[in-house]
>>> print(open('data_17.txt').read())   # compact mmCIF, C-alpha atoms
# COMPACT_ATOMS: atom_id res chain seq x y z
CA MET Z 311 29.09 98.07 -51.22
CA LYS Z 312 29.85 97.95 -54.92
CA LYS Z 313 33.26 96.63 -55.82
CA ARG Z 314 35.28 99.03 -57.92
CA ILE Z 315 38.36 97.80 -59.77
CA LEU Z 316 40.70 100.76 -59.61
CA LEU Z 317 43.69 100.94 -61.91
CA ALA Z 318 46.45 103.54 -61.71
CA LEU Z 319 46.68 104.76 -65.29
CA SER Z 320 48.31 107.86 -66.67
CA LEU Z 321 48.17 109.02 -70.27
CA VAL Z 322 51.56 110.56 -71.00
CA LEU Z 323 51.72 112.65 -74.15
CA ALA Z 324 55.02 112.53 -75.93
CA LEU Z 325 58.35 113.96 -75.10
CA CYS Z 326 60.73 114.61 -78.00
CA LEU Z 327 64.07 113.12 -76.95
CA CYS Z 328 67.07 111.44 -78.47
CA SER Z 329 69.70 108.92 -77.27
CA SER Z 330 69.24 106.22 -74.67
CA CYS Z 331 68.87 108.67 -71.80
CA ALA Z 332 67.66 112.21 -71.98
CA TYR Z 333 67.15 115.29 -69.86
CA LEU Z 334 63.83 116.97 -69.33
CA PRO Z 335 62.78 119.93 -67.23
CA PHE Z 336 61.78 118.41 -63.90
CA ALA Z 337 58.63 120.50 -63.37
CA GLY Z 338 57.33 119.76 -66.86
CA LEU Z 339 57.71 116.02 -66.41
CA THR Z 340 55.91 115.83 -63.09
CA ASP Z 341 53.10 118.08 -64.34
CA MET Z 342 52.48 115.84 -67.34
CA LEU Z 343 52.61 112.65 -65.34
CA GLY Z 344 50.47 114.02 -62.54
CA MET Z 345 52.32 111.71 -60.19
CA THR Z 346 55.50 111.28 -58.19
CA MET Z 347 58.60 110.51 -60.22
CA PRO Z 348 59.13 106.76 -60.69
CA ALA Z 349 62.14 105.31 -58.93
CA GLU Z 350 64.08 104.88 -62.17
CA VAL Z 351 63.88 108.62 -62.97
CA ALA Z 352 66.93 110.39 -61.57
CA ASP Z 353 66.63 114.00 -60.37
CA HIS Z 354 69.46 116.30 -61.46
CA GLY Z 355 68.03 119.53 -60.14
CA ASP Z 356 66.33 121.26 -63.08
CA THR Z 357 66.58 118.15 -65.28
CA VAL Z 358 65.86 114.44 -64.94
CA THR Z 359 67.27 111.31 -66.55
CA ILE Z 360 64.89 108.62 -67.75
CA PRO Z 361 65.64 105.08 -68.98
CA LYS Z 362 65.60 104.35 -72.70
CA GLU Z 363 62.52 102.13 -72.35
CA LEU Z 364 60.53 104.98 -70.78
CA TYR Z 365 61.83 107.44 -73.37
CA GLU Z 366 60.74 105.16 -76.23
CA LYS Z 367 57.30 104.87 -74.65
CA TYR Z 368 56.96 108.66 -74.61
CA GLN Z 369 58.14 108.84 -78.22
CA GLN Z 370 55.01 107.00 -79.36
CA PHE Z 371 53.03 110.16 -78.69
CA ASP Z 372 55.21 112.53 -80.74
CA LYS Z 373 52.53 112.76 -83.41
CA LEU Z 374 49.95 114.06 -80.93
CA ILE Z 375 52.31 116.73 -79.67
CA GLU Z 376 53.03 117.76 -83.27
CA ILE Z 377 49.30 117.97 -84.04
CA GLN Z 378 48.71 120.09 -80.96
CA GLU Z 379 51.57 122.44 -81.85
CA ILE Z 380 50.35 122.85 -85.44
CA ALA Z 381 46.82 123.58 -84.20
CA GLU Z 382 48.13 126.19 -81.76
CA MET Z 383 50.13 127.82 -84.54
CA TYR Z 384 47.68 127.75 -87.45
CA PHE Z 385 44.11 127.20 -86.23
CA PHE Z 386 42.09 130.33 -86.96
CA GLU Z 387 40.62 130.56 -83.42
CA GLU Z 388 42.00 130.21 -79.91
CA VAL Z 389 42.82 126.56 -79.20
CA ASP Z 390 41.16 124.81 -76.26
CA ASN Z 391 43.94 122.41 -75.22
CA GLU Z 392 41.77 120.69 -72.62
CA ALA Z 393 39.14 119.88 -75.23
CA MET Z 394 41.87 118.58 -77.54
CA MET Z 395 43.17 116.28 -74.80
CA ASP Z 396 39.63 114.96 -74.24
CA GLY Z 397 39.38 114.28 -77.96
CA ALA Z 398 42.76 112.54 -77.95
CA ALA Z 399 41.63 110.30 -75.10
CA LEU Z 400 38.41 109.45 -76.94
CA GLY Z 401 40.34 108.61 -80.08
CA LEU Z 402 42.93 106.53 -78.26
CA LEU Z 403 40.31 104.23 -76.77
CA SER Z 404 38.30 104.07 -80.00
CA GLY Z 405 41.34 102.31 -81.47
CA LEU Z 406 40.41 99.25 -79.37
CA ASN Z 407 37.30 98.88 -81.56
CA ASP Z 408 35.21 97.92 -78.52
CA PRO Z 409 31.85 99.71 -78.14
CA TYR Z 410 31.98 99.19 -74.37
CA THR Z 411 35.37 100.84 -73.80
CA PHE Z 412 35.42 104.63 -73.83
CA TYR Z 413 36.56 107.81 -72.14
CA TYR Z 414 34.45 109.99 -69.81
CA SER Z 415 35.05 113.72 -69.73
CA PRO Z 416 34.82 115.18 -66.21
CA GLU Z 417 31.21 116.21 -66.94
CA ASP Z 418 30.26 112.78 -68.29
CA TYR Z 419 31.96 111.01 -65.38
CA ALA Z 420 29.98 113.08 -62.88
CA THR Z 421 26.76 112.35 -64.83
CA LEU Z 422 27.50 108.61 -64.69
CA TRP Z 423 27.28 108.58 -60.90
CA GLU Z 424 24.26 110.89 -60.97
CA ASP Z 425 22.49 108.34 -63.17
CA ASP Z 426 23.50 105.52 -60.84
CA LYS Z 427 21.66 107.25 -58.00
CA GLY Z 428 18.51 107.34 -60.13
CA GLU Z 429 17.97 111.09 -59.89
CA TYR Z 430 18.59 113.63 -62.63
CA ALA Z 431 16.99 116.49 -64.56
CA GLY Z 432 15.69 115.39 -67.93
CA VAL Z 433 12.65 114.08 -69.80
CA GLY Z 434 12.14 110.67 -68.14
CA MET Z 435 12.99 107.89 -70.60
CA GLN Z 436 15.16 104.78 -70.62
CA ILE Z 437 16.73 104.18 -74.03
CA SER Z 438 18.28 101.00 -75.41
CA GLY Z 439 20.86 101.46 -78.18
CA ASN Z 440 21.53 98.53 -80.52
CA TYR Z 441 25.09 98.74 -81.91
CA ALA Z 442 24.30 96.18 -84.63
CA THR Z 443 21.44 98.19 -86.13
CA GLY Z 444 22.22 101.63 -84.72
CA ILE Z 445 18.60 101.97 -83.63
CA CYS Z 446 17.77 103.52 -80.25
CA THR Z 447 14.50 102.27 -78.80
CA ILE Z 448 12.56 103.64 -75.84
CA SER Z 449 12.54 100.71 -73.41
CA ARG Z 450 10.81 102.49 -70.53
CA VAL Z 451 8.93 105.73 -69.95
CA PHE Z 452 9.02 106.83 -66.32
CA ASP Z 453 5.77 107.60 -64.55
CA ASN Z 454 5.00 111.27 -63.91
CA GLY Z 455 7.81 112.41 -66.22
CA PRO Z 456 7.61 114.83 -69.16
CA ALA Z 457 7.87 112.07 -71.79
CA LYS Z 458 5.03 110.08 -70.22
CA GLU Z 459 2.81 113.12 -69.95
CA ALA Z 460 3.49 114.11 -73.57
CA GLY Z 461 2.53 110.66 -74.89
CA VAL Z 462 5.88 109.01 -75.61
CA HIS Z 463 5.46 105.23 -75.71
CA LYS Z 464 7.66 102.30 -74.92
CA GLY Z 465 8.82 100.95 -78.28
CA ASP Z 466 9.11 104.35 -79.95
CA ILE Z 467 12.40 104.87 -81.79
CA LEU Z 468 14.43 107.90 -80.77
CA TYR Z 469 15.11 109.61 -84.10
CA LYS Z 470 16.20 113.18 -83.48
CA VAL Z 471 17.02 115.45 -80.53
CA GLU Z 472 17.09 119.11 -81.54
CA ASP Z 473 19.27 118.99 -84.71
CA LEU Z 474 21.03 115.72 -83.86
CA TYR Z 475 19.96 112.58 -85.74
CA VAL Z 476 20.40 109.81 -83.17
CA ASP Z 477 22.01 106.39 -83.43
CA ALA Z 478 23.59 104.03 -80.92
CA TYR Z 479 27.00 105.62 -81.36
CA ASN Z 480 25.97 109.20 -80.53
CA LEU Z 481 23.25 108.26 -78.05
CA GLN Z 482 25.18 109.78 -75.15
CA ASP Z 483 25.29 113.10 -77.02
CA ALA Z 484 21.51 112.94 -77.42
CA VAL Z 485 21.09 112.17 -73.73
CA ASP Z 486 23.32 115.10 -72.82
CA ILE Z 487 21.11 117.41 -74.88
CA MET Z 488 17.95 116.11 -73.21
CA ARG Z 489 19.44 116.70 -69.77
CA GLY Z 490 19.39 120.23 -68.44
CA THR Z 491 17.69 122.72 -66.19
CA PRO Z 492 14.16 121.83 -65.03
CA GLY Z 493 11.56 124.02 -66.72
CA THR Z 494 13.47 124.38 -70.01
CA ASP Z 495 12.31 122.80 -73.29
CA VAL Z 496 13.90 120.33 -75.70
CA ASN Z 497 12.61 119.20 -79.11
CA VAL Z 498 12.57 115.42 -79.53
CA THR Z 499 11.39 113.42 -82.55
CA PHE Z 500 10.46 109.73 -82.53
CA LEU Z 501 9.52 107.14 -85.13
CA ARG Z 502 6.32 105.22 -84.46
CA ASP Z 503 5.04 102.77 -87.07
CA GLY Z 504 7.33 104.44 -89.59
CA GLU Z 505 5.98 107.93 -89.00
CA GLU Z 506 7.74 110.86 -87.35
CA ILE Z 507 6.21 112.18 -84.14
CA SER Z 508 7.67 115.31 -82.54
CA PHE Z 509 7.26 116.60 -79.00
CA VAL Z 510 8.40 119.67 -77.13
CA LEU Z 511 9.35 118.20 -73.75
CA THR Z 512 9.83 120.37 -70.68
CA ARG Z 513 12.70 119.06 -68.58
CA ALA Z 514 11.93 118.12 -64.97
CA GLN Z 515 13.57 116.46 -61.99
CA ILE Z 516 13.31 112.71 -62.53
CA THR Z 517 13.38 110.02 -59.86
CA VAL Z 518 13.84 106.54 -61.30
CA ASN Z 519 12.02 103.66 -59.62
CA GLN Z 520 14.17 100.60 -60.35
CA VAL Z 521 11.78 97.97 -58.94
CA GLU Z 522 8.03 97.31 -58.95
CA ALA Z 523 6.21 94.35 -57.41
CA MET Z 524 2.76 92.89 -56.75
CA MET Z 525 0.92 89.57 -56.42
CA LEU Z 526 -0.43 88.26 -59.72
CA ASP Z 527 -2.32 85.29 -58.32
CA GLU Z 528 -2.60 83.29 -55.14
CA GLY Z 529 0.91 82.13 -54.31
CA ILE Z 530 2.56 83.94 -57.25
CA GLY Z 531 4.49 87.17 -56.91
CA TYR Z 532 5.72 89.40 -59.72
CA ILE Z 533 8.81 91.63 -59.55
CA ALA Z 534 9.99 93.84 -62.40
CA LEU Z 535 13.62 94.96 -62.15
CA TYR Z 536 14.45 97.71 -64.63
CA GLU Z 537 18.17 98.26 -64.09
CA PHE Z 538 21.05 97.09 -61.88
CA ALA Z 539 21.86 100.51 -60.46
CA GLY Z 540 21.46 102.73 -57.41
CA ASP Z 541 19.85 100.92 -54.48
CA CYS Z 542 18.09 98.37 -56.68
CA ALA Z 543 19.33 95.37 -54.67
CA ALA Z 544 17.89 96.73 -51.42
CA LYS Z 545 14.62 97.66 -53.17
CA PHE Z 546 14.46 94.21 -54.76
CA GLU Z 547 14.89 92.54 -51.36
CA THR Z 548 12.08 94.68 -49.95
CA ALA Z 549 9.85 93.68 -52.89
CA LEU Z 550 10.73 89.99 -52.48
CA ASN Z 551 9.98 90.07 -48.75
CA SER Z 552 6.67 91.75 -49.51
CA VAL Z 553 5.40 89.11 -51.94
CA VAL Z 554 6.68 86.25 -49.76
CA GLN Z 555 4.83 87.72 -46.77
CA GLN Z 556 1.72 87.77 -48.96
CA GLY Z 557 2.09 84.03 -49.53
CA ALA Z 558 4.20 83.82 -52.68
CA LYS Z 559 5.56 80.33 -53.26
CA GLY Z 560 6.68 81.27 -56.76
CA VAL Z 561 8.07 84.51 -58.19
CA ILE Z 562 8.17 85.82 -61.75
CA ILE Z 563 11.18 88.11 -62.23
CA ASP Z 564 10.79 90.42 -65.23
CA LEU Z 565 14.14 91.45 -66.73
CA ARG Z 566 12.84 92.46 -70.14
CA ASP Z 567 14.48 95.63 -71.44
CA ASN Z 568 16.85 95.62 -68.46
CA PRO Z 569 20.21 96.74 -69.95
CA GLY Z 570 22.22 95.55 -66.94
CA GLY Z 571 24.46 97.55 -64.63
CA TRP Z 572 26.68 96.61 -61.69
CA VAL Z 573 27.68 92.94 -61.44
CA ASN Z 574 27.65 93.24 -57.67
CA ASP Z 575 23.93 94.00 -57.71
CA ALA Z 576 23.34 90.81 -59.71
CA GLU Z 577 25.43 88.97 -57.13
CA THR Z 578 23.42 90.40 -54.22
CA ILE Z 579 20.07 89.62 -55.84
CA GLY Z 580 21.18 86.15 -56.94
CA ASP Z 581 22.25 85.46 -53.36
CA MET Z 582 18.61 85.84 -52.29
CA PHE Z 583 17.66 82.72 -54.30
CA LEU Z 584 20.85 80.64 -54.14
CA ASP Z 585 22.81 78.86 -51.44
CA LYS Z 586 26.61 78.81 -51.34
CA GLY Z 587 28.17 78.50 -54.79
CA THR Z 588 29.09 80.33 -58.00
CA LEU Z 589 26.98 83.11 -59.49
CA CYS Z 590 29.28 83.51 -62.51
CA TYR Z 591 32.96 83.72 -63.25
CA LEU Z 592 35.02 86.21 -65.24
CA GLU Z 593 37.84 85.08 -67.45
CA TYR Z 594 40.61 87.56 -68.20
CA LYS Z 595 42.87 87.58 -71.26
CA ASP Z 596 45.64 85.74 -69.40
CA GLY Z 597 43.25 82.89 -68.65
CA THR Z 598 42.86 83.61 -64.95
CA ARG Z 599 39.39 83.59 -63.47
CA GLU Z 600 37.55 85.59 -60.84
CA TYR Z 601 34.50 84.04 -59.22
CA TYR Z 602 31.42 85.83 -57.96
CA ARG Z 603 29.87 83.71 -55.25
CA THR Z 604 26.68 83.41 -53.25
CA LYS Z 605 26.31 82.22 -49.67
CA ASP Z 606 23.81 80.06 -47.80
CA GLY Z 607 20.43 81.42 -46.76
CA LYS Z 608 18.20 81.45 -49.86
CA VAL Z 609 14.49 82.17 -50.11
CA ASP Z 610 12.88 78.91 -51.21
CA VAL Z 611 10.55 79.85 -54.08
CA GLU Z 612 9.99 78.63 -57.63
CA LEU Z 613 11.26 81.02 -60.31
CA VAL Z 614 10.25 82.06 -63.81
CA ILE Z 615 12.34 84.75 -65.49
CA LEU Z 616 11.20 86.94 -68.37
CA VAL Z 617 13.83 88.13 -70.86
CA ASN Z 618 13.81 89.73 -74.30
CA GLU Z 619 16.25 91.00 -76.91
CA ASN Z 620 17.13 94.01 -74.71
CA SER Z 621 17.96 91.99 -71.58
CA ALA Z 622 21.72 92.34 -71.30
CA SER Z 623 24.79 92.18 -69.12
CA SER Z 624 23.87 91.76 -65.43
CA SER Z 625 20.39 90.64 -66.51
CA GLU Z 626 22.01 87.73 -68.32
CA ILE Z 627 24.37 87.02 -65.42
CA LEU Z 628 21.45 86.75 -62.99
CA SER Z 629 19.24 84.78 -65.39
CA GLY Z 630 22.03 82.34 -66.26
CA ALA Z 631 22.86 81.70 -62.62
CA LEU Z 632 19.25 81.14 -61.60
CA LYS Z 633 18.70 78.83 -64.57
CA ASP Z 634 21.83 76.77 -63.86
CA ARG Z 635 21.51 76.56 -60.10
CA ALA Z 636 17.92 77.28 -59.07
CA GLY Z 637 16.09 75.54 -61.90
CA ALA Z 638 14.51 78.80 -63.05
CA THR Z 639 12.45 78.64 -66.23
CA ILE Z 640 13.38 81.37 -68.73
CA VAL Z 641 10.53 82.71 -70.85
CA GLY Z 642 10.58 85.18 -73.75
CA VAL Z 643 13.04 85.57 -76.63
CA GLN Z 644 16.81 85.30 -77.02
CA SER Z 645 18.59 87.82 -74.79
CA TYR Z 646 21.01 90.46 -76.08
CA GLY Z 647 24.30 88.62 -75.59
CA LYS Z 648 26.52 91.07 -73.76
CA GLY Z 649 28.83 88.64 -72.01
CA VAL Z 650 31.70 91.00 -71.24
CA VAL Z 651 32.25 93.03 -68.10
CA GLN Z 652 33.67 96.53 -67.75
CA SER Z 653 35.51 98.33 -65.00
CA VAL Z 654 34.83 102.03 -64.44
CA LEU Z 655 37.70 104.01 -62.98
CA PRO Z 656 38.90 107.59 -62.53
CA ILE Z 657 41.91 108.83 -64.49
CA GLY Z 658 44.07 111.91 -64.15
CA ASN Z 659 43.32 114.59 -61.59
CA ASP Z 660 40.59 116.57 -63.39
CA GLY Z 661 37.59 114.36 -62.58
CA SER Z 662 37.65 112.39 -65.84
CA GLY Z 663 37.34 108.63 -66.10
CA MET Z 664 37.13 105.67 -68.40
CA GLN Z 665 35.27 102.42 -68.87
CA VAL Z 666 37.23 99.43 -70.10
CA THR Z 667 36.24 95.87 -70.94
CA ILE Z 668 38.27 93.63 -68.65
CA GLY Z 669 36.92 90.12 -69.15
CA GLN Z 670 34.28 87.74 -70.39
CA TYR Z 671 31.84 86.04 -68.06
CA TYR Z 672 30.36 82.56 -68.03
CA THR Z 673 27.38 81.05 -66.22
CA PRO Z 674 28.01 78.63 -63.31
CA ASN Z 675 27.81 75.70 -65.76
CA GLY Z 676 30.45 77.31 -67.99
CA ASN Z 677 28.08 78.56 -70.71
CA LYS Z 678 29.27 81.48 -72.83
CA VAL Z 679 26.88 84.41 -73.24
CA HIS Z 680 28.80 87.01 -75.30
CA LYS Z 681 27.36 87.50 -78.79
CA ILE Z 682 25.09 84.51 -78.13
CA GLY Z 683 22.66 85.43 -75.37
CA LEU Z 684 20.47 83.14 -73.32
CA THR Z 685 18.02 80.86 -75.09
CA PRO Z 686 14.62 80.75 -73.35
CA ASP Z 687 13.23 77.46 -72.14
CA VAL Z 688 9.87 78.65 -73.43
CA GLU Z 689 10.14 80.96 -76.43
CA ILE Z 690 7.30 83.38 -77.05
CA GLU Z 691 7.57 86.40 -79.31
CA LEU Z 692 5.27 89.38 -79.24
CA PRO Z 693 2.78 89.40 -82.11
CA GLU Z 694 3.83 91.28 -85.24
CA GLY Z 695 3.30 95.00 -84.75
CA ASP Z 696 3.20 94.67 -80.95
CA ASN Z 697 5.89 96.96 -79.50
CA GLY Z 698 5.34 95.89 -75.91
CA MET Z 699 3.49 98.99 -74.72
CA TYR Z 700 1.94 97.34 -71.68
CA ASP Z 701 1.35 98.78 -68.25
CA PHE Z 702 3.00 97.12 -65.28
CA ALA Z 703 1.51 93.65 -64.58
CA ASP Z 704 -0.91 93.89 -67.54
CA LEU Z 705 -1.89 90.29 -68.29
CA SER Z 706 -2.86 91.16 -71.86
CA ASP Z 707 0.94 91.12 -72.33
CA PRO Z 708 1.33 87.65 -73.93
CA GLN Z 709 4.83 87.06 -72.55
CA LEU Z 710 3.80 87.84 -68.98
CA ALA Z 711 0.62 85.78 -69.41
CA LYS Z 712 2.73 82.82 -70.56
CA ALA Z 713 5.07 83.21 -67.58
CA LEU Z 714 2.07 83.14 -65.24
CA GLU Z 715 0.63 80.11 -67.01
CA ILE Z 716 3.91 78.23 -66.64
CA MET Z 717 4.15 79.11 -62.98
CA GLN Z 718 0.60 77.90 -62.42
CA GLN Z 719 0.92 74.68 -64.44
CA HIS Z 720 4.49 73.53 -63.82
CA PRO Z 721 5.49 74.45 -60.28
CA GLY Z 722 7.86 72.54 -58.02
CA ASP Z 723 6.59 69.80 -55.73
CA HIS Z 724 6.04 71.96 -52.64
CA PHE Z 725 4.32 74.65 -54.71
CA GLN Z 726 2.24 72.02 -56.51
CA GLU Z 727 0.95 70.66 -53.21
CA GLU Z 728 0.04 74.17 -52.10
CA SER Z 729 -1.61 74.91 -55.45
CA LEU Z 730 -3.71 71.75 -55.23
CA GLU Z 731 -4.83 72.74 -51.75
CA LEU Z 732 -5.74 76.21 -52.99
CA ALA Z 733 -7.52 74.76 -56.00
CA ALA Z 734 -9.48 72.41 -53.75
CA GLU Z 735 -10.42 75.29 -51.47
CA ARG Z 736 -11.56 77.39 -54.44
CA ALA Z 737 -13.60 74.46 -55.79
CA LYS Z 738 -15.20 73.98 -52.38
CA ARG Z 739 -16.13 77.67 -52.17
CA ALA Z 740 -17.52 77.58 -55.70
CA ALA Z 741 -19.65 74.53 -54.89
CA GLU Z 742 -20.97 76.22 -51.76
CA GLU Z 743 -21.82 79.33 -53.79
CA ARG Z 744 -23.66 77.26 -56.42
CA GLU Z 745 -25.60 75.45 -53.68
CA LYS Z 746 -26.50 78.80 -52.11
CA GLN Z 747 -27.72 80.16 -55.46
CA LYS Z 748 -29.73 76.98 -56.04
CA ARG Z 749 -31.51 77.36 -52.68
CA LEU Z 750 -32.25 81.01 -53.46
CA LEU Z 751 -33.80 80.04 -56.80
CA GLU Z 752 -35.87 77.31 -55.16
CA THR Z 753 -37.25 79.72 -52.54
CA GLY Z 754 -37.68 82.57 -55.04
>>> encode(input="data_17.txt", output="structure tokens")
Amino acid sequence: MKKRILLALSLVLALCLCSSCAYLPFAGLTDMLGMTMPAEVADHGDTVTIPKELYEKYQQFDKLIEIQEIAEMYFFEEVDNEAMMDGAALGLLSGLNDPYTFYYSPEDYATLWEDDKGEYAGVGMQISGNYATGICTISRVFDNGPAKEAGVHKGDILYKVEDLYVDAYNLQDAVDIMRGTPGTDVNVTFLRDGEEISFVLTRAQITVNQVEAMMLDEGIGYIALYEFAGDCAAKFETALNSVVQQGAKGVIIDLRDNPGGWVNDAETIGDMFLDKGTLCYLEYKDGTREYYRTKDGKVDVELVILVNENSASSSEILSGALKDRAGATIVGVQSYGKGVVQSVLPIGNDGSGMQVTIGQYYTPNGNKVHKIGLTPDVEIELPEGDNGMYDFADLSDPQLAKALEIMQQHPGDHFQEESLELAAERAKRAAEEREKQKRLLETG
């Protein structure tokens, strides 16, 4: 069960009053608040009395009411007050100057939970937006989806959707355009090696597979986790059980291009590899801390974790915990550095919601991640011009090949003993095969 931090918030838009107490039409007040009258509001039949402190709070929003009234009076078309209120909410939160805090319209809030389930109608791409550069990069192209079939590649830059030029700040608008009714078309343009490539993609029903797994070598399992969403924790546990049953004594966890997701999924997955202790802790602005903890009952395997510049949020929480407490070796390049956590909550009574940054997290050893990222134990960059367009478990991928090499060469004691036994067995079989071939040549 995912933990949701629910906050009772109401956006109250200005009431023009004067003096320390004032009278307002009772029905109007309750409609605006969308809630029961607070205890300090006195009911006088068709009017109410509110304290000066509450009145002064309402006064802050006088300007918005004035703007709305002017628009209703002078705008050359019929005013959509609901759309104006959505815009006001967007603008209010933008004043925090935090790219991770924003308002969800009712439609966007519903889409958020649709995405979390991993099923939607669209073109089948995962996109990573970089707020520092503004660039939006295709981090994953889903199998059997329209984008994959058309020839869109991982590493392509999303440049234009219909008439919208795309950057990290309007990425959600681009995604909204690409969503739609299965069977309908959308024009999408990408940049690849500096050249524009355009496709007409036919929308389809997309099912997102969050986890893939297989054995890479004797005793070494490989699990790619693409996002902390939906039922990823359950699917990850199934994948882990599968490779362990196939003899895995070490596991490579691939979190490259994983943008994160629910902290609770990171906690559940971390719990599979850790005994009782701290996964991470959040620190709020008042200095208080909240700890995410694991319990006893870990799977005893060696760990190598792959990260890159797009590994963020819950990916960094999990990687940091496994590095600090399970001795995991991190391979790749510096991670993104999103060390703050958001709460998603409903607001009002129209189905809208908001996301708000509530705290900063630290690894079990107290290491800060925000705007820093995790530094790999073994740094290996992709060659110049290599945009990472590798199929799952493709060992021509130099980062994955390095992770496998490390797992093979520097395992823990129990894995090393097993590896030596396997190596001895392979050497014995090879010697027997050579002897067999020698006899065949002698008799031939």
>>> residues_around(input="data_17.txt", residues="Z:Gly432", least_positions_apart="3", cutoff="10 Å", atoms="all atoms listed in the file", output="ChimeraX atom specification")
/Z:429,435,455-457,485-496,511-517
>>> atom_distance(input="data_17.txt", atom1="atom CA of Z:Tyr532", atom2="atom CA of Z:Val573")
22.3 Å
>>> closest_atom_pairs(input="data_17.txt", of="stretch 578-617 of chain Z", to="stretch 630-641 of chain Z", cutoff="12 Å", atoms="only C-alpha atoms", output="CSV")
residue,atom,partner,partner_atom,distance
Z:Ile579,CA,Z:Leu632,CA,10.3
Z:Gly580,CA,Z:Leu632,CA,7.1
Z:Asp581,CA,Z:Leu632,CA,9.8
Z:Met582,CA,Z:Leu632,CA,10.4
Z:Phe583,CA,Z:Ala636,CA,7.2
Z:Leu584,CA,Z:Ala636,CA,6.6
Z:Asp585,CA,Z:Arg635,CA,9.1
Z:Lys586,CA,Z:Arg635,CA,10.4
Z:Gly587,CA,Z:Arg635,CA,8.7
Z:Thr588,CA,Z:Ala631,CA,7.9
Z:Leu589,CA,Z:Ala631,CA,5.4
Z:Cys590,CA,Z:Ala631,CA,6.7
Z:Tyr591,CA,Z:Ala631,CA,10.3
Z:Tyr602,CA,Z:Ala631,CA,10.6
Z:Arg603,CA,Z:Ala631,CA,10.4
Z:Thr604,CA,Z:Ala631,CA,10.3
Z:Lys608,CA,Z:Ala636,CA,10.1
Z:Val609,CA,Z:Ala636,CA,10.8
Z:Asp610,CA,Z:Ala636,CA,9.5
Z:Val611,CA,Z:Ala636,CA,9.3
Z:Glu612,CA,Z:Ala638,CA,7.1
Z:Leu613,CA,Z:Ala638,CA,4.8
Z:Val614,CA,Z:Thr639,CA,4.7
Z:Ile615,CA,Z:Ile640,CA,4.8
Z:Leu616,CA,Z:Val641,CA,4.9
Z:Val617,CA,Z:Val641,CA,6.3
